[in-house]
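Dumped input.cif below, it's mmCIF, C-alpha atoms and all ligand atoms:
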data_model
loop_
_atom_site.label_atom_id
_atom_site.label_comp_id
_atom_site.auth_asym_id
_atom_site.auth_seq_id
_atom_site.Cartn_x
_atom_site.Cartn_y
_atom_site.Cartn_z
CA MET A 1 76.63 161.40 -6.27
CA GLU A 2 78.18 160.25 -9.54
CA ASN A 3 79.66 157.32 -7.60
CA VAL A 4 76.29 156.34 -6.17
CA SER A 5 74.54 156.40 -9.57
CA GLY A 6 77.46 154.42 -11.07
CA LEU A 7 77.13 151.88 -8.26
CA LEU A 8 73.39 151.54 -8.82
CA VAL A 9 73.70 151.12 -12.60
CA GLY A 10 76.42 148.49 -12.14
CA LEU A 11 74.36 146.61 -9.55
CA ILE A 12 71.29 146.61 -11.82
CA TRP A 13 73.31 144.94 -14.62
CA LEU A 14 74.68 142.34 -12.21
CA VAL A 15 71.29 141.54 -10.73
CA ALA A 16 69.90 141.23 -14.27
CA ALA A 17 72.64 138.70 -15.19
CA VAL A 18 72.10 136.62 -12.04
CA VAL A 19 68.29 136.73 -12.46
CA ALA A 20 68.62 135.64 -16.12
CA TRP A 21 70.75 132.67 -15.02
CA GLN A 22 68.28 131.64 -12.33
CA VAL A 23 65.25 131.97 -14.64
CA MET A 24 66.96 129.86 -17.32
CA ASP A 25 68.06 127.35 -14.68
CA ARG A 26 64.50 126.89 -13.46
CA ALA A 27 63.20 126.69 -17.01
CA GLY A 28 65.56 123.75 -17.60
CA PHE A 29 67.93 125.38 -20.11
CA SER A 30 71.27 123.65 -20.76
CA SER A 31 74.42 124.83 -18.98
CA ARG A 32 75.68 126.21 -22.30
CA SER A 33 72.56 128.38 -22.81
CA LYS A 34 72.68 129.62 -19.23
CA TRP A 35 76.27 130.68 -19.70
CA ALA A 36 75.46 132.36 -22.99
CA GLY A 37 72.62 134.37 -21.41
CA PHE A 38 74.64 135.30 -18.34
CA SER A 39 77.71 136.33 -20.37
CA LEU A 40 75.69 138.24 -22.94
CA ILE A 41 74.16 140.46 -20.26
CA LEU A 42 77.53 141.16 -18.68
CA ILE A 43 79.10 141.86 -22.08
CA ALA A 44 76.16 144.11 -22.96
CA SER A 45 76.82 146.05 -19.74
CA ILE A 46 80.47 146.59 -20.70
CA ILE A 47 79.61 147.57 -24.29
CA TYR A 48 76.88 149.91 -23.04
CA GLU A 49 79.26 151.62 -20.60
CA CYS A 50 81.98 151.98 -23.25
CA ALA A 51 79.50 153.31 -25.84
CA ALA A 52 78.07 155.78 -23.33
CA THR A 53 81.58 157.02 -22.48
CA LEU A 54 82.54 157.35 -26.16
CA MET A 55 79.31 159.17 -27.06
CA ALA A 56 79.73 161.57 -24.16
CA GLY A 57 83.13 162.51 -25.64
CA GLY A 58 85.71 164.53 -23.73
CA GLU A 59 88.75 163.37 -21.81
CA GLU A 60 87.25 160.06 -20.64
CA ALA A 61 86.37 159.03 -24.20
CA GLU A 62 89.91 159.80 -25.36
CA GLU A 63 91.31 157.81 -22.42
CA LEU A 64 89.16 154.82 -23.31
CA LEU A 65 90.11 154.98 -26.99
CA ASP A 66 93.79 155.10 -26.04
CA LEU A 67 93.33 151.92 -24.00
CA ILE A 68 91.54 149.78 -26.56
CA TRP A 69 92.89 151.24 -29.84
CA ASP A 70 96.23 149.68 -29.10
CA TRP A 71 97.96 146.59 -30.54
CA ASN A 72 98.75 145.40 -27.01
CA PHE A 73 95.04 145.17 -26.31
CA VAL A 74 94.73 142.42 -28.95
CA ASN A 75 96.31 139.89 -26.54
CA ILE A 76 93.83 140.56 -23.79
CA ALA A 77 90.90 140.70 -26.20
CA ALA A 78 91.89 137.32 -27.72
CA ALA A 79 92.33 135.75 -24.27
CA ALA A 80 88.95 137.14 -23.16
CA LEU A 81 87.29 135.68 -26.26
CA ILE A 82 88.81 132.22 -25.67
CA ILE A 83 87.84 132.27 -22.02
CA LEU A 84 84.33 133.36 -22.86
CA VAL A 85 83.53 130.82 -25.54
CA VAL A 86 85.64 127.82 -24.48
CA GLY A 87 86.23 128.43 -20.76
CA THR A 88 82.54 128.85 -20.00
CA GLY A 89 81.60 125.80 -22.08
CA ILE A 90 79.47 127.79 -24.56
CA LEU A 91 81.55 126.22 -27.33
CA ARG A 92 82.60 122.61 -26.86
CA THR A 93 85.57 121.90 -29.05
CA LYS A 94 87.59 118.74 -29.46
CA TYR A 95 90.63 120.89 -30.32
CA LYS A 96 91.33 121.79 -26.69
CA GLY A 97 95.06 121.34 -27.21
CA VAL A 98 95.03 124.04 -29.89
CA VAL A 99 93.01 126.37 -27.68
CA TRP A 100 95.53 125.72 -24.92
CA GLY A 101 98.45 126.61 -27.22
CA ILE A 102 96.82 129.85 -28.39
CA SER A 103 96.00 130.85 -24.80
CA ILE A 104 99.58 130.31 -23.69
CA ALA A 105 100.79 132.51 -26.55
CA VAL A 106 98.40 135.43 -25.99
CA LEU A 107 98.76 135.39 -22.21
CA TRP A 108 102.52 135.21 -22.43
CA ALA A 109 102.41 138.24 -24.74
CA ALA A 110 100.17 140.08 -22.23
CA LEU A 111 102.58 139.28 -19.39
CA HIS A 112 105.47 140.51 -21.52
CA VAL A 113 103.67 143.83 -22.18
CA GLY A 114 102.93 144.19 -18.47
CA ILE A 115 106.52 143.53 -17.45
CA GLY A 116 107.70 146.00 -20.11
CA ARG A 117 105.43 148.63 -18.60
CA HIS A 118 106.71 147.90 -15.07
CA GLU A 119 103.17 147.10 -13.97
CA TRP A 120 104.27 145.44 -10.78
CA GLY A 121 101.72 144.21 -8.31
CA GLU A 122 102.01 146.87 -5.67
CA VAL A 123 98.71 148.26 -4.50
CA PHE A 124 99.22 151.12 -2.12
CA PHE A 125 97.78 151.17 1.34
CA ASN A 126 94.56 153.01 0.59
CA GLY A 127 92.44 152.82 3.68
CA THR A 128 90.12 149.99 2.55
CA LEU A 129 91.58 147.93 5.38
CA LEU A 130 89.27 149.56 7.89
CA MET B 131 97.01 113.54 6.31
CA ARG B 132 96.80 114.28 2.60
CA LEU B 133 99.88 115.68 0.89
CA ARG B 134 98.02 118.84 -0.18
CA ARG B 135 97.56 119.82 3.47
CA TYR B 136 101.35 120.23 3.77
CA PHE B 137 101.35 122.41 0.65
CA GLN B 138 98.45 124.49 1.99
CA LEU B 139 100.18 124.96 5.34
CA GLY B 140 103.59 125.62 3.76
CA THR B 141 102.23 128.20 1.30
CA SER B 142 100.09 129.95 3.92
CA LEU B 143 103.11 130.38 6.19
CA GLY B 144 105.62 130.93 3.39
CA ILE B 145 103.86 133.90 1.76
CA ASN B 146 103.24 135.47 5.16
CA SER B 147 106.66 135.01 6.68
CA TRP B 148 107.88 138.63 6.99
CA PHE B 149 107.30 138.53 10.75
CA GLU B 150 109.30 141.72 11.19
CA GLY B 151 106.13 143.56 10.11
CA PHE B 152 104.53 142.81 13.48
CA THR B 153 107.37 144.39 15.44
CA SER B 154 108.21 147.23 13.06
CA LYS B 155 104.46 147.90 12.51
CA SER B 156 104.97 148.44 8.81
CA VAL B 157 103.88 146.76 5.60
CA CYS B 158 106.67 144.81 3.87
CA GLN B 159 108.34 146.88 1.14
CA LEU B 160 110.70 144.21 -0.22
CA GLN B 161 110.99 143.47 -3.96
CA THR B 162 108.81 140.39 -3.40
CA LYS B 163 105.87 142.75 -2.97
CA SER B 164 105.92 143.36 -6.70
CA ILE B 165 104.81 139.76 -7.28
CA CYS B 166 101.11 138.98 -7.07
CA VAL B 167 100.57 135.72 -5.24
CA PRO B 168 98.21 133.37 -7.13
CA VAL B 169 96.02 132.84 -4.05
CA LEU B 170 93.74 135.04 -1.96
CA ASN B 171 96.13 136.68 0.50
CA CYS B 172 95.88 140.30 1.68
CA TYR B 173 98.85 142.50 0.69
CA ALA B 174 98.24 144.56 3.84
CA CYS B 175 98.89 141.68 6.27
CA PRO B 176 101.89 142.85 8.37
CA SER B 177 103.81 139.71 7.40
CA ALA B 178 102.70 139.40 3.73
CA LEU B 179 105.59 139.07 1.31
CA GLY B 180 103.56 139.45 -1.89
CA SER B 181 100.72 141.48 -3.33
CA CYS B 182 97.08 140.64 -3.88
CA GLN B 183 96.10 140.22 -7.55
CA ILE B 184 92.44 141.08 -6.98
CA GLY B 185 93.49 144.31 -5.23
CA THR B 186 95.84 145.06 -8.11
CA ILE B 187 93.18 144.50 -10.78
CA GLN B 188 90.81 146.83 -8.91
CA HIS B 189 93.57 149.41 -8.61
CA PHE B 190 94.06 149.34 -12.39
CA MET B 191 90.30 149.68 -12.94
CA VAL B 192 90.19 152.68 -10.63
CA VAL B 193 92.98 154.43 -12.56
CA HIS B 194 91.39 153.30 -15.87
CA ALA B 195 94.26 151.13 -17.08
CA ILE B 196 94.51 147.52 -18.25
CA PRO B 197 96.42 145.18 -15.88
CA TYR B 198 98.42 143.28 -18.52
CA TYR B 199 100.94 141.92 -16.03
CA VAL B 200 98.41 140.51 -13.56
CA LEU B 201 96.07 139.10 -16.21
CA GLY B 202 99.01 137.55 -18.09
CA PHE B 203 100.51 136.10 -14.92
CA LEU B 204 97.28 134.65 -13.52
CA GLY B 205 96.14 133.55 -16.97
CA LEU B 206 99.34 131.57 -17.54
CA ILE B 207 98.91 129.80 -14.20
CA GLY B 208 95.27 129.07 -15.05
CA THR B 209 96.23 127.77 -18.50
CA MET B 210 98.73 125.36 -16.96
CA ILE B 211 96.91 124.06 -13.87
CA GLY B 212 93.42 125.59 -13.90
CA ARG B 213 92.06 126.21 -10.41
CA MET B 214 94.70 124.09 -8.67
CA PRO B 215 96.13 126.97 -6.54
CA CYS B 216 92.73 126.98 -4.77
CA GLY B 217 92.97 123.32 -3.84
CA THR B 218 96.63 123.16 -2.92
CA MET B 219 97.91 126.57 -1.84
CA CYS B 220 95.33 129.18 -0.86
CA PRO B 221 95.40 130.15 2.83
CA PHE B 222 91.73 131.18 2.85
CA GLY B 223 90.71 127.92 1.21
CA PHE B 224 92.79 126.05 3.79
CA PHE B 225 91.15 128.06 6.58
CA GLN B 226 87.69 127.05 5.31
CA ASP B 227 88.75 123.39 4.95
CA VAL B 228 89.90 123.38 8.59
CA LEU B 229 86.70 125.04 9.80
CA TYR B 230 84.61 122.41 8.03
CA LYS B 231 86.31 119.74 10.12
CA VAL B 232 84.55 121.11 13.22
CA ARG B 233 81.77 118.73 14.21
CA SER B 234 78.42 120.38 13.62
CA LEU B 235 75.27 120.29 11.56
CA LYS B 236 76.29 120.19 7.86
CA ILE B 237 74.30 121.65 5.00
CA ARG B 238 74.80 121.68 1.21
CA ILE B 239 75.07 124.97 -0.62
CA PRO B 240 72.42 125.03 -3.38
CA GLU B 241 74.04 124.78 -6.81
CA PHE B 242 72.11 127.75 -8.17
CA MET B 243 74.14 130.08 -5.93
CA ARG B 244 77.46 129.18 -7.57
CA PRO B 245 77.41 131.55 -10.59
CA PHE B 246 77.21 134.49 -8.20
CA ARG B 247 81.03 134.48 -8.01
CA TYR B 248 81.23 135.51 -11.66
CA ALA B 249 78.97 138.48 -10.93
CA VAL B 250 81.35 139.38 -8.07
CA LEU B 251 84.35 139.16 -10.44
CA VAL B 252 82.80 141.27 -13.17
CA GLY B 253 80.89 143.59 -10.83
CA LEU B 254 82.92 144.27 -7.71
CA VAL B 255 86.37 143.80 -9.26
CA ILE B 256 85.96 145.24 -12.78
CA ILE B 257 82.86 147.31 -13.58
CA LEU B 258 82.11 149.03 -10.26
CA PRO B 259 85.72 150.03 -9.47
CA TRP B 260 85.97 151.42 -13.04
CA MET B 261 82.72 153.38 -12.70
CA THR B 262 83.02 154.57 -9.13
CA ALA B 263 86.80 154.75 -8.51
CA GLU B 264 86.44 152.60 -5.36
CA ASN B 265 87.89 149.13 -4.63
CA TRP B 266 84.54 147.48 -3.85
CA PHE B 267 85.75 143.93 -3.38
CA SER B 268 88.65 144.92 -1.12
CA LYS B 269 86.28 146.97 0.99
CA LEU B 270 84.36 143.81 1.82
CA CYS B 271 86.98 141.02 1.54
CA PRO B 272 86.90 138.74 4.62
CA MET B 273 90.51 137.61 4.01
CA GLY B 274 91.58 141.27 4.23
CA THR B 275 89.80 141.54 7.57
CA LEU B 276 91.26 138.28 8.87
CA ILE B 277 94.94 138.79 8.08
CA GLY B 278 95.05 142.54 7.40
CA GLY B 279 92.46 144.43 9.45
CA LEU B 280 92.46 142.37 12.65
CA PRO B 281 96.26 142.17 13.12
CA TRP B 282 96.59 145.90 12.44
CA VAL B 283 93.96 146.98 14.97
CA THR B 284 95.63 144.65 17.45
CA ILE B 285 99.18 145.93 17.05
CA SER B 286 98.68 149.60 16.21
CA GLU B 287 96.93 152.21 18.29
CA ASP B 288 96.95 154.64 15.34
CA VAL B 289 95.06 152.17 13.17
CA ARG B 290 92.65 151.48 16.05
CA SER B 291 91.79 155.15 16.22
CA MET B 292 90.84 155.05 12.51
CA ILE B 293 88.10 152.43 12.98
CA ARG B 294 84.85 153.47 11.28
CA ASP B 295 81.52 151.75 10.43
CA LEU B 296 83.07 149.91 7.48
CA PHE B 297 85.31 147.97 9.85
CA TRP B 298 82.30 146.55 11.69
CA ILE B 299 80.64 145.62 8.40
CA LYS B 300 83.82 143.75 7.46
CA ILE B 301 83.93 142.02 10.84
CA SER B 302 80.30 140.92 10.41
CA MET B 303 81.12 139.49 6.99
CA LEU B 304 84.11 137.62 8.39
CA ILE B 305 81.98 136.16 11.20
CA PHE B 306 79.37 135.15 8.64
CA PHE B 307 81.92 133.30 6.50
CA VAL B 308 83.58 131.65 9.51
CA ALA B 309 80.22 130.39 10.76
CA SER B 310 79.05 129.25 7.33
CA SER B 311 82.37 127.45 6.70
CA VAL B 312 81.73 125.30 9.77
CA ILE B 313 78.41 124.06 8.43
CA SER B 314 79.08 123.98 4.67
CA LYS B 315 82.00 123.24 2.35
CA ARG B 316 84.03 126.31 1.34
CA PRO B 317 81.09 128.76 1.05
CA PHE B 318 83.35 131.67 0.07
CA CYS B 319 85.07 129.65 -2.68
CA GLN B 320 81.78 128.26 -3.98
CA ILE B 321 79.81 131.50 -4.15
CA ILE B 322 81.93 134.63 -3.76
CA CYS B 323 85.63 134.40 -4.61
CA PRO B 324 86.51 136.33 -7.80
CA LEU B 325 89.98 134.74 -8.00
CA GLY B 326 88.50 131.26 -7.91
CA ALA B 327 86.00 132.39 -10.57
CA PHE B 328 88.87 133.62 -12.76
CA PHE B 329 90.98 130.45 -12.43
CA GLY B 330 87.88 128.29 -12.90
CA LEU B 331 87.40 129.72 -16.39
CA PHE B 332 90.58 127.88 -17.45
CA ASN B 333 89.57 124.45 -16.11
CA ARG B 334 87.99 123.36 -19.39
CA PHE B 335 91.19 123.77 -21.40
CA SER B 336 94.05 123.83 -18.88
CA LEU B 337 97.02 121.54 -19.41
CA ILE B 338 96.31 119.51 -16.26
CA ARG B 339 92.80 118.11 -16.22
CA LEU B 340 90.67 115.38 -14.72
CA LYS B 341 89.33 112.40 -16.58
CA TRP B 342 86.25 110.49 -15.46
CA VAL B 343 85.61 107.08 -17.00
CA PRO B 344 81.87 106.30 -16.94
CA GLU B 345 82.44 102.56 -17.41
CA LYS B 346 84.31 102.41 -14.10
CA CYS B 347 81.84 104.57 -12.14
CA THR B 348 79.40 102.78 -9.84
CA HIS B 349 77.61 106.03 -8.88
CA CYS B 350 78.43 105.47 -5.23
CA ARG B 351 78.68 109.30 -4.77
CA LYS B 352 81.80 108.99 -2.60
CA CYS B 353 83.56 111.57 -4.80
CA GLN B 354 80.92 114.16 -3.92
CA GLU B 355 81.18 113.32 -0.23
CA ILE B 356 84.96 113.70 -0.25
CA CYS B 357 85.05 116.74 -2.56
CA PRO B 358 85.77 120.04 -0.73
CA MET B 359 83.59 121.82 -3.31
CA ASP B 360 80.75 119.29 -3.19
CA ILE B 361 81.02 118.48 -6.90
CA LYS B 362 79.16 115.65 -8.59
CA VAL B 363 82.13 114.51 -10.65
CA TRP B 364 79.98 112.26 -12.84
CA GLU B 365 78.09 115.36 -14.08
CA GLY B 366 81.25 117.11 -15.26
CA GLU B 367 84.84 116.73 -14.10
CA ASN B 368 86.33 119.86 -15.65
CA THR B 369 83.81 122.56 -14.76
CA GLY B 370 84.90 125.84 -13.18
CA ASN B 371 83.91 124.58 -9.73
CA CYS B 372 86.72 122.03 -9.42
CA ILE B 373 89.67 123.27 -7.37
CA ARG B 374 91.90 120.41 -8.58
CA CYS B 375 92.61 119.18 -5.06
CA LEU B 376 92.75 115.64 -6.56
CA ASP B 377 91.12 114.09 -3.47
CA CYS B 378 88.57 112.33 -5.70
CA THR B 379 91.31 110.57 -7.68
CA ASP B 380 91.25 107.92 -4.93
CA CYS B 381 88.44 106.47 -7.04
CA GLU B 382 89.67 104.47 -10.00
CA ALA B 383 87.05 106.08 -12.27
CA ILE B 384 88.80 109.45 -11.89
CA SER B 385 92.36 110.24 -12.86
CA VAL B 386 94.61 113.12 -13.83
CA CYS B 387 95.41 113.65 -17.51
CA THR B 388 96.58 116.45 -19.78
CA VAL B 389 94.64 118.42 -22.35
CA PHE B 390 96.32 116.26 -25.01
CA THR B 391 95.88 112.77 -23.54
CA GLY B 392 92.34 113.60 -22.35
CA ALA B 393 91.24 114.56 -25.87
CA ARG B 394 92.85 111.43 -27.34
CA LEU B 395 91.15 109.16 -24.82
CA ALA B 396 87.79 110.82 -25.43
CA ALA B 397 88.24 110.32 -29.19
CA GLU B 398 89.14 106.65 -28.62
CA ARG B 399 86.05 106.21 -26.48
CA ARG B 400 83.87 107.82 -29.14
CA GLU B 401 85.33 105.48 -31.76
CA GLN B 402 84.70 102.51 -29.50
CA GLU B 403 81.08 103.64 -28.96
CA ILE B 404 80.57 104.00 -32.71
CA SER B 405 82.02 100.57 -33.43
CA THR B 406 79.86 99.02 -30.69
CA GLU B 407 76.79 100.70 -32.19
CA LEU B 408 77.70 99.30 -35.61
CA LEU B 409 78.00 95.84 -34.17
S1 LIG C 1 88.29 130.32 -4.42
FE1 LIG C 1 88.85 129.86 -2.31
S2 LIG C 1 90.77 128.75 -2.49
FE2 LIG C 1 90.45 129.82 -4.45
S3 LIG C 1 91.52 131.79 -4.23
FE3 LIG C 1 89.40 132.11 -3.58
S4 LIG C 1 89.43 131.81 -1.36
FE4 LIG C 1 91.30 130.92 -2.19
S1 LIG C 2 83.33 108.57 -9.84
FE1 LIG C 2 83.99 107.03 -8.32
S2 LIG C 2 83.47 107.91 -6.32
FE2 LIG C 2 82.35 109.08 -7.90
S3 LIG C 2 80.35 108.09 -8.01
FE3 LIG C 2 81.64 107.14 -9.58
S4 LIG C 2 82.55 105.33 -8.56
FE4 LIG C 2 81.72 106.63 -6.93
S1 LIG C 3 86.13 117.24 -8.24
FE1 LIG C 3 87.89 116.12 -7.33
S2 LIG C 3 89.67 117.38 -7.79
FE2 LIG C 3 87.84 118.66 -8.13
S3 LIG C 3 87.54 119.73 -6.19
FE3 LIG C 3 86.29 117.89 -6.11
S4 LIG C 3 87.59 116.32 -5.13
FE4 LIG C 3 88.92 118.00 -5.76
#
How does the structure come out when it is put into structure tokens?
Amino acid sequence: MENVSGLLVGLIWLVAAVVAWQVMDRAGFSSRSKWAGFSLILIASIIYECAATLMAGGEEAEELLDLIWDWNFVNIAAAALIILVVGTGILRTKYKGVVWGISIAVLWAALHVGIGRHEWGEVFFNGTLL
Amino acid sequence: MRLRRYFQLGTSLGINSWFEGFTSKSVCQLQTKSICVPVLNCYACPSALGSCQIGTIQHFMVVHAIPYYVLGFLGLIGTMIGRMPCGTMCPFGFFQDVLYKVRSLKIRIPEFMRPFRYAVLVGLVIILPWMTAENWFSKLCPMGTLIGGLPWVTISEDVRSMIRDLFWIKISMLIFFVASSVISKRPFCQIICPLGAFFGLFNRFSLIRLKWVPEKCTHCRKCQEICPMDIKVWEGENTGNCIRCLDCTDCEAISVCTVFTGARLAAERREQEISTELL
């Protein structure tokens, strides 16, 4: 039951983001504004879910804090920020070479952390095949 | 035949060359399986040598962990060449390209449907697996059905006996994408694929980029005709839709550049425009 309500909440956020895009598209908004609206709704959904987990407290909240209150998370957060503002075209910068250099650095650091943690790509056969 | 077709064919066969899997009826367990291939290729294919990155990201979401290795690995590829693996290596992209060659009625996919792939990436690969502990994208992935599900039900009686409703839903989705790929250009890549969506986010600042020179463009629209993603290059050459197949570079208005030379040329053009205005 928890899974079904989680699925529904997630789908509502996604539909809201897609609808916002389409409404802005039809209203003639620029690509940059459409991206901003679309991304903001998806980011709001992630912040909402994290806040709800943290407020509920307990083991899940501790688990979440452990994940994001970590220096290693800085790499991924920086990469996500670059992707969001430059990759989507929300911010058009002429310093693309600098953005490229910073991305290489943070993503290399993320890869290094992953290799250090032996996070190899194996996903176990889990029945989704059928 | 274009050079990229050899790459597409070579990669499709190369990453699925553990043919022993068909006779031993087992999934490959070699060290290569610890590497995520940068294209959509099911890890459960009997002959697959590598893992699927989208499956791996979902797996990390389900166990509430951050996939540093996969994000770093894919991100570095994206930062270097943007969405080029889609245009030059991906077996499912190649499959759709081949299907589109079949003579039939052809229709254009409306542009407004394109952002849906980002919703798939965030929704089915990140948020929903995190919230519901289920791999939602893998459950529905047509590539999984094509090279994972179908070969397994063909070679293994045990797997056949496990067929449930979900299998038929997956088969229907595969049929839908096969049929739609005959009449339109890469429908799965344009609207659904979360990996293409991820790589596309790097196109605007990747090392390898495209450069379109307006002064040389006659607006003949041949680039759109030839483009496997149906892109109007003159409206934006480095958007997330471009799979960097480089087919359009046949036109002299479009060429390959780097993030450094592209910026310099754009600055030169701006300067030229300003000086012309002053004149
Ligand atoms: S967008 Fe298409 S070509 Fe790219 S990974 Fe997905 S299926 Fe393959
Ligand atoms: S970029 Fe080239 S192919 Fe495309 S419209 Fe202009 S001249 Fe034609
Ligand atoms: S815009 Fe050019 S390089 Fe990009 S997908 Fe279309 S034909 Fe290929």
- Just the residues within 12 Å of Val252 in chain B, please, counting only C-alpha atoms, with nothing from its chain fewer than 2 positions along; format it as a ChimeraX atom specification. /A:10-11,13-15,17-18,38-39,41-43,45-46 /B:184,187-188,191,245-250,254-260,266-267,322-325,327-328
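Proximity of B:Thr209, B:Thr388, B:Ser234, B:Ser268 to Gln183 in chain B, computed with only C-alpha atoms, is greatest for B:Ser268.
Closest to chain B among A:Val19, A:Leu81, A:Gly6, A:Ala61 is A:Gly6, based on all atoms listed in the file.
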- Within 7 Å of Ser336 in chain B, counting all atoms listed in the file, which residues show up once you throw out same-chain ones fewer than 3 positions away? Write them as a ChimeraX atom specification, please. /A:100 /B:208-212,332-333,339,389
- Got a sec: who's within 12 Å of Leu170 in chain B, counting all atoms listed in the file, leaving out chain neighbours fewer than 3 positions off, as an MDAnalysis selection string? chainID B and resid 141:142 145:146 166:167 173 175 178 180:186 215:217 219:225 268 271:274 276:277 318:319 322:329
- Item | All residues having an atom within 9 Å of ligand LIG 2 (chain C) (only C-alpha atoms and all ligand atoms) as a ChimeraX atom specification | /B:342-344,346-356,362-364,378-384
